[in-house]
>>> print(open('my_file-v2.txt').read())   # compact mmCIF, C-alpha atoms
# COMPACT_ATOMS: atom_id res chain seq x y z
CA MET A 183 -32.50 -11.80 -17.36
CA LYS A 184 -29.19 -10.12 -16.65
CA ARG A 185 -30.76 -6.68 -16.79
CA ALA A 186 -33.33 -7.63 -14.17
CA ILE A 187 -30.70 -8.42 -11.56
CA VAL A 188 -29.85 -4.84 -10.67
CA PRO A 189 -33.36 -3.53 -9.91
CA VAL A 190 -34.27 -6.74 -8.07
CA LEU A 191 -31.10 -6.59 -6.03
CA ALA A 192 -31.68 -2.89 -5.36
CA VAL A 193 -35.13 -3.61 -3.92
CA VAL A 194 -33.80 -6.48 -1.80
CA VAL A 195 -30.93 -4.38 -0.48
CA ALA A 196 -33.21 -1.43 0.28
CA ALA A 197 -35.58 -3.73 2.20
CA LEU A 198 -32.70 -5.32 4.09
CA LEU A 199 -31.24 -1.94 4.99
CA ALA A 200 -34.60 -0.71 6.24
CA LEU A 201 -34.99 -3.85 8.34
CA ALA A 202 -31.47 -3.47 9.66
CA VAL A 203 -32.00 0.18 10.60
CA ARG A 204 -35.26 -0.73 12.37
CA GLN A 205 -33.56 -3.57 14.25
CA VAL A 206 -30.55 -1.45 15.16
CA PHE A 207 -32.35 1.65 16.38
CA PHE A 208 -35.68 0.37 17.64
CA VAL A 209 -35.25 -3.24 18.74
CA ALA A 210 -31.67 -3.83 19.84
CA PRO A 211 -31.16 -2.54 23.40
CA ILE A 212 -29.01 0.46 24.17
CA GLU A 213 -25.64 -0.54 25.47
CA ALA A 214 -25.80 0.63 29.08
CA THR A 215 -22.32 0.21 30.50
CA GLN A 216 -20.50 3.15 28.93
CA LEU A 217 -21.26 3.75 25.28
CA TYR A 218 -25.04 4.18 25.16
CA TRP A 219 -26.14 5.36 21.72
CA ASN A 220 -22.58 5.41 20.42
CA GLN A 221 -22.65 1.64 20.41
CA LYS A 222 -25.01 1.78 17.41
CA ILE A 223 -22.05 2.77 15.26
CA PHE A 224 -20.73 -0.75 15.70
CA TYR A 225 -23.50 -2.16 13.47
CA PHE A 226 -22.34 -0.07 10.54
CA HIS A 227 -18.66 0.19 11.28
CA VAL A 228 -17.85 -3.54 11.39
CA PRO A 229 -19.69 -4.55 8.17
CA CYS A 230 -18.00 -1.68 6.32
CA ALA A 231 -14.65 -2.92 7.60
CA PHE A 232 -15.44 -6.38 6.21
CA MET A 233 -16.25 -4.75 2.89
CA LEU A 234 -12.99 -2.78 2.87
CA PHE A 235 -10.96 -5.95 3.34
CA ALA A 236 -13.08 -7.88 0.85
CA ALA A 237 -12.73 -5.10 -1.73
CA VAL A 238 -8.95 -5.42 -1.69
CA TYR A 239 -9.31 -9.02 -2.89
CA VAL A 240 -12.22 -8.34 -5.22
CA CYS A 241 -9.83 -5.79 -6.74
CA GLY A 242 -6.65 -7.83 -6.56
CA VAL A 243 -7.74 -11.17 -8.01
CA PRO A 244 -9.33 -9.73 -11.19
CA ALA A 245 -6.32 -7.42 -11.51
CA ALA A 246 -3.99 -10.43 -11.48
CA ILE A 247 -6.15 -12.16 -14.11
CA TYR A 248 -6.15 -8.96 -16.16
CA LEU A 249 -2.37 -8.82 -16.08
CA LYS A 250 -2.18 -12.35 -17.45
CA THR A 251 -5.05 -12.31 -19.95
CA ARG A 252 -5.26 -8.59 -20.90
CA ASP A 253 -9.02 -8.95 -20.91
CA PRO A 254 -10.34 -5.47 -20.02
CA ARG A 255 -13.49 -6.91 -18.42
CA TYR A 256 -11.44 -8.00 -15.41
CA ASP A 257 -9.87 -4.58 -15.22
CA ASP A 258 -13.35 -3.02 -14.93
CA VAL A 259 -14.15 -5.23 -11.93
CA ALA A 260 -10.87 -4.32 -10.26
CA ALA A 261 -11.40 -0.59 -10.84
CA ALA A 262 -14.95 -0.69 -9.47
CA ALA A 263 -13.86 -2.66 -6.39
CA ALA A 264 -11.05 -0.19 -5.68
CA GLU A 265 -13.47 2.73 -5.73
CA LEU A 266 -15.76 0.86 -3.37
CA ALA A 267 -12.82 0.15 -1.07
CA VAL A 268 -12.13 3.89 -0.88
CA VAL A 269 -15.76 4.67 -0.02
CA PHE A 270 -16.17 1.90 2.55
CA GLY A 271 -12.74 2.69 3.96
CA ALA A 272 -13.74 6.31 4.50
CA ILE A 273 -16.86 5.15 6.35
CA VAL A 274 -14.84 2.70 8.45
CA LEU A 275 -12.30 5.33 9.43
CA GLY A 276 -14.92 7.99 10.11
CA THR A 277 -17.15 5.79 12.24
CA GLY A 278 -14.10 4.26 13.91
CA MET A 279 -12.94 7.70 14.98
CA ILE A 280 -16.34 8.62 16.38
CA TRP A 281 -16.40 5.34 18.30
CA GLY A 282 -12.87 5.98 19.51
CA LYS A 283 -13.81 9.41 20.82
CA ALA A 284 -16.71 7.89 22.76
CA ALA A 285 -14.93 4.78 24.02
CA TRP A 286 -11.35 5.93 24.52
CA GLY A 287 -11.72 9.70 24.73
CA VAL A 288 -9.56 10.44 21.68
CA TRP A 289 -10.35 10.56 17.97
CA TRP A 290 -7.43 8.47 16.91
CA GLN A 291 -5.40 5.75 18.56
CA TRP A 292 -2.47 4.02 16.92
CA GLU A 293 -4.19 0.78 17.53
CA MET A 294 -4.18 -2.35 15.44
CA ARG A 295 -7.33 -2.36 13.43
CA LEU A 296 -7.53 1.38 12.98
CA THR A 297 -3.98 1.42 11.70
CA THR A 298 -4.49 -1.60 9.45
CA SER A 299 -7.61 -0.05 7.94
CA LEU A 300 -5.86 3.26 7.43
CA LEU A 301 -2.92 1.65 5.64
CA LEU A 302 -5.19 -0.43 3.45
CA TRP A 303 -7.28 2.57 2.63
CA LEU A 304 -4.16 4.53 1.66
CA ILE A 305 -3.19 1.77 -0.80
CA MET A 306 -6.63 1.81 -2.39
CA VAL A 307 -6.64 5.62 -2.59
CA GLY A 308 -3.28 5.24 -4.33
CA TYR A 309 -4.92 2.90 -6.82
CA VAL A 310 -7.69 5.38 -7.60
CA LEU A 311 -5.18 8.25 -7.90
CA VAL A 312 -3.05 6.25 -10.33
CA ARG A 313 -6.11 5.51 -12.42
CA ARG A 314 -7.23 9.08 -12.50
CA PHE A 315 -3.91 10.80 -13.09
CA GLY A 316 -1.80 8.12 -14.73
CA GLY A 317 -3.06 8.69 -18.26
CA ALA A 318 -2.46 6.02 -20.88
CA GLY A 319 -1.08 2.78 -19.47
CA ALA A 320 -2.49 3.46 -16.01
CA GLU A 321 -4.70 0.35 -16.09
CA ARG A 322 -1.71 -1.93 -16.11
CA LEU A 323 0.06 0.08 -13.45
CA SER A 324 -2.96 0.08 -11.17
CA ALA A 325 -3.46 -3.65 -11.76
CA GLY A 326 0.10 -4.23 -10.58
CA LEU A 327 -0.59 -2.08 -7.55
CA ALA A 328 -3.70 -4.15 -6.75
CA VAL A 329 -1.70 -7.38 -6.90
CA PHE A 330 0.92 -5.93 -4.58
CA ALA A 331 -1.83 -4.69 -2.28
CA MET A 332 -3.18 -8.22 -1.97
CA VAL A 333 0.22 -9.43 -0.81
CA ASP A 334 0.56 -6.42 1.47
CA VAL A 335 -2.70 -6.93 3.37
CA PRO A 336 -1.63 -9.90 5.53
CA LEU A 337 1.73 -8.23 6.13
CA VAL A 338 0.07 -5.00 7.22
CA TYR A 339 -2.20 -7.03 9.47
CA PHE A 340 0.59 -8.93 11.17
CA SER A 341 2.97 -6.01 11.47
CA VAL A 342 0.35 -3.93 13.23
CA LYS A 343 -0.82 -6.89 15.29
CA PHE A 344 2.60 -7.32 16.82
CA TRP A 345 3.00 -3.61 17.24
CA ASN A 346 0.21 -3.05 19.79
CA PHE A 347 -3.46 -3.61 20.48
CA LEU A 348 -6.45 -1.79 21.93
CA HIS A 349 -9.37 -2.43 19.60
CA PRO A 350 -12.28 -4.43 21.02
CA PRO A 351 -11.60 -8.12 20.28
CA ALA A 352 -13.06 -9.53 17.09
CA LYS A 353 -15.04 -12.17 18.96
CA VAL A 354 -17.33 -9.46 20.35
CA VAL A 355 -20.04 -10.47 17.86
CA SER A 356 -20.51 -13.92 19.40
CA THR A 357 -20.96 -12.39 22.86
CA LEU A 358 -23.82 -10.12 21.74
CA ASP A 359 -27.29 -10.48 23.09
CA GLY A 360 -29.83 -12.06 20.69
CA SER A 361 -31.55 -8.95 19.31
CA MET A 362 -28.19 -7.22 18.92
CA LYS A 363 -26.82 -10.21 17.06
CA LEU A 364 -29.78 -10.13 14.70
CA ALA A 365 -29.29 -6.41 14.11
CA PHE A 366 -25.65 -6.99 13.38
CA ARG A 367 -26.35 -9.84 10.97
CA LEU A 368 -29.03 -7.90 9.13
CA SER A 369 -26.71 -4.95 8.81
CA ALA A 370 -23.81 -7.12 7.61
CA LEU A 371 -26.04 -8.79 5.05
CA SER A 372 -27.40 -5.51 3.74
CA PHE A 373 -23.90 -4.09 3.37
CA ILE A 374 -22.76 -7.17 1.46
CA GLY A 375 -25.80 -6.71 -0.79
CA LEU A 376 -25.04 -3.02 -1.19
CA PHE A 377 -21.45 -3.82 -2.08
CA ILE A 378 -22.48 -6.28 -4.79
CA LEU A 379 -25.16 -3.94 -6.10
CA VAL A 380 -22.83 -0.96 -6.46
CA LEU A 381 -20.09 -3.18 -7.85
CA VAL A 382 -22.33 -4.64 -10.56
CA THR A 383 -23.72 -1.22 -11.48
CA ARG A 384 -20.31 0.41 -11.62
CA VAL A 385 -18.83 -2.43 -13.69
CA ALA A 386 -21.71 -2.12 -16.15
CA GLN A 387 -21.09 1.61 -16.34
CA LEU A 388 -17.36 1.17 -16.94
CA ARG A 389 -18.10 -1.37 -19.66
CA ALA A 390 -20.58 0.97 -21.32
CA THR A 391 -17.98 3.75 -21.24
CA ARG A 392 -15.47 1.45 -22.86
CA ALA A 393 -17.92 0.30 -25.52
CA LEU A 394 -18.82 3.90 -26.29
CA ARG A 395 -15.17 4.87 -26.62
CA ASP A 396 -14.47 1.92 -28.91
CA ALA A 397 -17.50 2.73 -31.04
CA ARG A 398 -16.39 6.33 -31.30
CA GLU A 399 -12.90 5.29 -32.36
CA ARG A 400 -14.34 2.97 -34.99
CA GLY A 401 -16.54 5.80 -36.21
CA LEU A 402 -13.55 8.12 -36.43
CA ASP A 403 -11.53 5.49 -38.28
CA ALA A 404 -14.33 4.93 -40.74
CA GLY A 405 -14.70 8.67 -41.28
CA ILE A 406 -18.32 8.70 -40.18
CA LEU A 407 -17.67 10.90 -37.15
CA GLU A 408 -16.01 14.29 -37.11
CA PRO A 409 -13.01 14.43 -34.75
CA MET B 67 24.89 -15.82 -22.01
CA SER B 68 23.57 -17.53 -18.94
CA PHE B 69 20.77 -15.93 -16.95
CA PHE B 70 23.00 -14.80 -14.11
CA ARG B 71 25.59 -13.35 -16.47
CA LEU B 72 22.77 -11.28 -17.99
CA VAL B 73 21.65 -10.12 -14.57
CA ALA B 74 25.22 -9.15 -13.74
CA ALA B 75 25.57 -7.37 -17.09
CA VAL B 76 22.45 -5.23 -16.50
CA ALA B 77 23.44 -4.44 -12.90
CA GLY B 78 27.01 -3.71 -14.00
CA LYS B 79 25.81 -1.37 -16.73
CA ASP B 80 23.63 0.62 -14.33
CA LEU B 81 26.34 0.83 -11.72
CA ARG B 82 28.97 1.84 -14.27
CA VAL B 83 26.78 4.67 -15.56
CA GLU B 84 26.24 5.80 -11.98
CA LEU B 85 29.90 5.47 -11.07
CA ARG B 86 30.89 7.74 -13.96
CA SER B 87 28.57 10.58 -13.00
CA ARG B 88 27.91 9.75 -9.32
CA GLU B 89 24.90 11.99 -9.81
CA ILE B 90 22.31 9.85 -8.04
CA LEU B 91 24.60 8.77 -5.25
CA TYR B 92 25.78 12.26 -4.35
CA THR B 93 22.36 13.89 -4.54
CA MET B 94 20.68 11.07 -2.61
CA ALA B 95 23.31 11.01 0.13
CA PHE B 96 23.27 14.80 0.46
CA PHE B 97 19.50 14.85 0.56
CA ALA B 98 19.33 12.05 3.14
CA VAL B 99 21.80 13.78 5.44
CA THR B 100 19.86 17.04 5.09
CA VAL B 101 16.62 15.28 6.00
CA VAL B 102 18.30 13.73 9.06
CA VAL B 103 19.43 17.18 10.17
CA VAL B 104 16.11 18.91 9.41
CA PHE B 105 14.08 16.28 11.28
CA SER B 106 16.39 16.32 14.24
CA PHE B 107 15.57 20.02 14.82
CA ALA B 108 11.96 19.05 15.39
CA PHE B 109 12.79 16.55 18.11
CA VAL B 110 15.25 18.37 20.33
CA ARG B 111 14.74 18.54 24.08
CA ASP B 112 17.46 19.82 26.42
CA ARG B 113 19.89 20.08 23.48
CA LYS B 114 19.56 16.35 22.76
CA VAL B 115 17.38 14.65 20.20
CA ILE B 116 14.58 12.60 21.74
CA ALA B 117 15.83 9.03 21.39
CA GLU B 118 12.43 7.60 20.39
CA ALA B 119 12.39 9.79 17.29
CA VAL B 120 15.68 8.53 15.90
CA PRO B 121 14.46 5.37 14.08
CA GLY B 122 11.73 7.37 12.38
CA ILE B 123 14.18 10.06 11.31
CA VAL B 124 16.68 7.59 9.87
CA TRP B 125 14.11 5.51 7.97
CA GLY B 126 12.21 8.59 6.82
CA ALA B 127 15.41 10.03 5.38
CA LEU B 128 16.24 6.76 3.67
CA ALA B 129 12.74 6.46 2.19
CA PHE B 130 12.80 10.00 0.77
CA ALA B 131 16.27 9.51 -0.66
CA ALA B 132 15.30 6.18 -2.18
CA THR B 133 12.30 7.74 -3.95
CA LEU B 134 14.54 10.44 -5.33
CA GLY B 135 17.10 7.92 -6.57
CA LEU B 136 14.54 5.55 -8.07
CA GLY B 137 12.86 8.34 -9.99
CA ARG B 138 16.15 9.62 -11.32
CA ALA B 139 17.52 6.18 -12.25
CA PHE B 140 14.59 5.54 -14.55
CA ASP B 141 14.44 9.09 -15.88
CA ARG B 142 17.90 8.41 -17.18
CA GLU B 143 16.62 5.37 -19.09
CA ARG B 144 13.78 7.40 -20.51
CA GLU B 145 15.95 10.31 -21.62
CA GLY B 146 18.28 8.00 -23.52
CA ASP B 147 15.34 5.83 -24.61
CA THR B 148 17.50 2.96 -23.43
CA MET B 149 14.74 1.06 -21.66
CA ARG B 150 13.25 0.17 -25.04
CA ALA B 151 16.64 -1.02 -26.27
CA LEU B 152 17.01 -3.07 -23.12
CA LEU B 153 13.59 -4.64 -23.59
CA LEU B 154 14.23 -5.29 -27.28
CA SER B 155 17.40 -7.18 -26.43
CA PRO B 156 17.07 -10.97 -26.23
CA ALA B 157 17.67 -10.87 -22.47
CA PRO B 158 14.68 -12.19 -20.49
CA ARG B 159 12.65 -9.53 -18.68
CA LEU B 160 13.41 -11.15 -15.37
CA ALA B 161 17.14 -10.71 -15.90
CA ILE B 162 16.57 -7.03 -16.68
CA PHE B 163 14.46 -6.62 -13.57
CA LEU B 164 16.89 -8.41 -11.28
CA GLY B 165 19.84 -6.51 -12.71
CA LYS B 166 18.19 -3.15 -12.18
CA ALA B 167 16.95 -4.13 -8.71
CA ILE B 168 20.44 -5.21 -7.68
CA ALA B 169 21.91 -1.93 -8.94
CA MET B 170 19.26 -0.05 -6.92
CA VAL B 171 20.03 -2.14 -3.81
CA VAL B 172 23.69 -1.16 -4.13
CA VAL B 173 22.95 2.55 -4.62
CA ILE B 174 20.39 2.83 -1.80
CA GLY B 175 22.63 0.63 0.36
CA LEU B 176 25.51 3.08 -0.13
CA VAL B 177 23.24 5.91 1.02
CA ALA B 178 22.37 3.85 4.10
CA VAL B 179 26.07 3.37 4.71
CA VAL B 180 26.46 7.16 4.66
CA ILE B 181 23.56 8.06 6.95
CA ALA B 182 24.06 5.29 9.50
CA PRO B 183 27.35 6.64 10.89
CA VAL B 184 26.07 10.23 10.57
CA SER B 185 23.09 9.27 12.75
CA VAL B 186 25.27 7.40 15.23
CA VAL B 187 27.43 10.49 15.67
CA LEU B 188 24.67 13.12 15.65
CA TYR B 189 22.39 11.21 18.00
CA ASP B 190 25.08 9.75 20.22
CA LEU B 191 23.93 6.15 19.76
CA ASP B 192 25.64 3.20 21.37
CA VAL B 193 25.90 0.49 18.71
CA SER B 194 28.79 -1.49 20.19
CA THR B 195 26.62 -4.52 20.95
CA SER B 196 23.92 -4.30 18.30
CA GLY B 197 25.90 -3.11 15.28
CA GLY B 198 25.59 -6.40 13.39
CA SER B 199 21.84 -6.69 13.89
CA LEU B 200 21.39 -3.05 12.86
CA ALA B 201 23.37 -3.65 9.68
CA LEU B 202 21.21 -6.69 8.89
CA LEU B 203 18.04 -4.69 9.54
CA LEU B 204 19.25 -1.88 7.28
CA ALA B 205 20.19 -4.35 4.54
CA LEU B 206 16.79 -6.07 4.61
CA GLY B 207 14.98 -2.73 4.59
CA VAL B 208 17.05 -1.48 1.66
CA ILE B 209 16.42 -4.68 -0.33
CA GLY B 210 12.65 -4.41 0.16
CA MET B 211 12.58 -0.74 -0.82
CA ALA B 212 14.76 -1.27 -3.87
CA VAL B 213 12.80 -4.27 -5.18
CA VAL B 214 9.30 -2.76 -4.87
CA GLY B 215 10.66 0.60 -6.00
CA THR B 216 12.24 -0.88 -9.11
CA VAL B 217 9.01 -2.57 -10.22
CA PHE B 218 6.94 0.57 -9.91
CA SER B 219 9.48 3.03 -11.28
CA ALA B 220 9.90 0.79 -14.31
CA MET B 221 6.14 0.73 -14.78
CA LEU B 222 5.82 4.47 -14.30
CA LEU B 223 8.26 5.14 -17.14
CA ARG B 224 5.48 5.72 -19.63
CA VAL B 225 2.94 7.25 -17.31
CA ARG B 226 2.09 10.90 -16.88
CA SER B 227 3.01 12.67 -13.60
CA ARG B 228 5.26 9.79 -12.62
CA ASP B 229 7.22 11.82 -10.06
CA VAL B 230 4.09 12.39 -8.02
CA LEU B 231 2.72 8.90 -8.45
CA LEU B 232 5.84 7.01 -7.37
CA PRO B 233 5.59 7.90 -3.67
CA VAL B 234 1.79 7.64 -3.85
CA ILE B 235 2.16 4.00 -4.86
CA LEU B 236 5.33 3.12 -3.05
CA TYR B 237 4.81 4.39 0.49
CA PRO B 238 1.54 2.62 1.29
CA LEU B 239 3.02 -0.66 0.05
CA LEU B 240 6.19 -0.09 2.03
CA LEU B 241 4.40 0.78 5.28
CA PRO B 242 4.75 -2.68 6.86
CA LEU B 243 8.44 -2.52 5.98
CA PHE B 244 8.80 0.91 7.60
CA LEU B 245 6.91 -0.26 10.66
CA ALA B 246 9.10 -3.33 11.06
CA ALA B 247 12.29 -1.37 10.33
CA THR B 248 11.57 1.45 12.77
CA ARG B 249 10.38 -0.92 15.53
CA GLY B 250 13.43 -3.13 15.04
CA THR B 251 15.79 -0.15 15.06
CA ALA B 252 14.11 1.23 18.17
CA ALA B 253 14.55 -2.11 19.94
CA LEU B 254 18.26 -2.14 19.07
CA ILE B 255 19.23 1.45 19.88
CA ALA B 256 17.27 1.67 23.13
CA PRO B 257 19.40 2.26 26.25
CA GLU B 258 18.54 -1.33 27.15
CA PRO B 259 18.47 -3.13 23.75
CA VAL B 260 15.81 -5.81 23.27
CA PRO B 261 17.45 -8.23 20.82
CA GLY B 262 14.47 -10.61 20.96
CA GLU B 263 12.07 -7.99 19.63
CA ALA B 264 14.56 -6.81 17.03
CA TRP B 265 15.01 -10.40 15.90
CA PHE B 266 11.27 -10.75 15.44
CA TRP B 267 11.20 -7.72 13.15
CA ILE B 268 14.25 -8.97 11.25
CA GLN B 269 12.41 -12.21 10.53
CA PHE B 270 9.36 -10.21 9.52
CA LEU B 271 11.49 -8.26 7.05
CA VAL B 272 12.91 -11.48 5.62
CA ILE B 273 9.34 -12.66 4.93
CA TYR B 274 8.36 -9.25 3.54
CA ASP B 275 11.34 -9.19 1.18
CA ALA B 276 10.80 -12.78 0.05
CA LEU B 277 7.09 -12.22 -0.66
CA PHE B 278 7.68 -9.03 -2.59
CA ILE B 279 10.60 -10.41 -4.59
CA VAL B 280 8.34 -13.28 -5.69
CA THR B 281 5.46 -10.90 -6.47
CA SER B 282 7.80 -8.62 -8.40
CA LEU B 283 9.20 -11.49 -10.44
CA TRP B 284 5.67 -12.63 -11.18
CA THR B 285 4.29 -9.23 -12.20
CA PHE B 286 7.28 -7.49 -13.79
CA GLU B 287 7.00 -9.21 -17.13
CA ALA B 288 3.28 -8.49 -17.43
CA LEU B 289 3.69 -4.91 -16.31
CA VAL B 290 6.63 -3.71 -18.36
CA ILE B 291 5.80 -4.38 -21.96
CA GLU B 292 7.08 -2.63 -25.09
>>> encode(input="my_file-v2.txt", output="structure tokens")
Amino acid sequence: MKRAIVPVLAVVVAALLALAVRQVFFVAPIEATQLYWNQKIFYFHVPCAFMLFAAVYVCGVPAAIYLKTRDPRYDDVAAAAAELAVVFGAIVLGTGMIWGKAAWGVWWQWEMRLTTSLLLWLIMVGYVLVRRFGGAGAERLSAGLAVFAMVDVPLVYFSVKFWNFLHPPAKVVSTLDGSMKLAFRLSALSFIGLFILVLVTRVAQLRATRALRDARERGLDAGILEP
Amino acid sequence: MSFFRLVAAVAGKDLRVELRSREILYTMAFFAVTVVVVFSFAFVRDRKVIAEAVPGIVWGALAFAATLGLGRAFDREREGDTMRALLLSPAPRLAIFLGKAIAMVVVIGLVAVVIAPVSVVLYDLDVSTSGGSLALLLALGVIGMAVVGTVFSAMLLRVRSRDVLLPVILYPLLLPLFLAATRGTAALIAPEPVPGEAWFWIQFLVIYDALFIVTSLWTFEALVIE
């Protein structure tokens, strides 16, 4: 049963993505006031931004549980979520910059949501770096970092909010025309599905790696395997 | 011994070690002043430093110096293998953490006390009206840096490439603090100070410090084991 989830989910996500792409590029109208085709970026940029923010908590909560229980299964979830945050964050920042060039004439503005996303992304990149280069004991260190990141997110948000603003308001979605709204919802749904799919797959992979390592150590201890 | 006596004992021990060598304090202060001078070269126009750059220079210098000091303070524990002894002692982990954090607050605070007047003189700042608020802002910034820094340097004790990883971890987490600190400083040292805005950032720093002290107390025990 459990094994069937991944392929089924993969098919569902692929279908959703295809539908979303069709809706975005062939049904939803082209934004005519100033952005034209550039507006299409919005359908991918905003869902990825949701995923970046969600990933920080999908990483932080299991990390906190891991710190208390020492159960490595939670650590695997946190590690997978952090990697996803880095990937989605890179997409958010990249698409955000392209949008910025089209809408504001510059690649980068020190504006609220761009800055918030950048800072968040930096924290998650820090997490992945610690994991990769920290050696033994890095799991605990990165788990601590994830917990601190969770506390940091609202602070980052508010500090940048009071600093300055320029980003299109968040309520833009509710003002969209019907076919655009549908495109946006389809896209958001497919990205949520993609997030879960990659998360589940990566967690399974991390667990398999751990099981293999444990088995190897047991084999070495028992003298069955050559070192 | 009561909890607070233990905290005082750990802080006192760290400060006494530092007072005897003054190694961290001297190197940090020297480094911070150098950074202030080096940065100021980049922002000179008509023989005067551009006023808007000053908060960034001061806080940048303090951040670099703090990283240096934090790394060194815990290297010392590792070299003597004293962290293990400290953790083996019957003192609760929280007392150890608070003691070390307080010692770090004092050391980084002393560096701030050195670079603040240096900056006032070098950049010709008028602090006659906003001196108190600036001192408060500096104190809150130093507390935040020292607390978060202490947690992660203690954790990094046993980790490879800790010198590289400390700023990698620390700076992103401290970014809201830097933002609030630089904005608050800018509001206070402007030709026309804006105390209202500075006060907002001071309150923000109080919340930041409180949240991170709680988080540190909650995680320290789980993070620093054996």
>>> interface_residues(input="my_file-v2.txt", of="chain A", to="chain B", cutoff="12 Å", atoms="only C-alpha atoms", output="ChimeraX atom specification")
/A:245-252,297-346
>>> atom_distance(input="my_file-v2.txt", atom1="CA of Ile116 in chain B", atom2="CA of Ser194 in chain B")
20.1 Å
>>> atom_distance(input="my_file-v2.txt", atom1="CA of Val76 in chain B", atom2="CA of Leu128 in chain B")
24.3 Å
>>> residues_around(input="my_file-v2.txt", residues="Phe232 in chain A", least_positions_apart="5", cutoff="9 Å", atoms="all atoms listed in the file", output="PyMOL selection string")
chain A and resi 227+237+370+374
>>> residues_around(input="my_file-v2.txt", residues="Leu202 in chain B", least_positions_apart="4", cutoff="12 Å", atoms="all atoms listed in the file", output="list in words")
Gly175, Ala178, Val179, Ser196, Gly197, Gly198, Leu206, Gly207, Val208, Ile209, Ala247, Gly250, Thr251, Leu254, Ala264, Trp265, Trp267, Ile268, Gln269, Leu271 and Val272 of chain B
>>> atom_distance(input="my_file-v2.txt", atom1="CA of Leu266 in chain A", atom2="CA of Ala365 in chain A")
23.3 Å
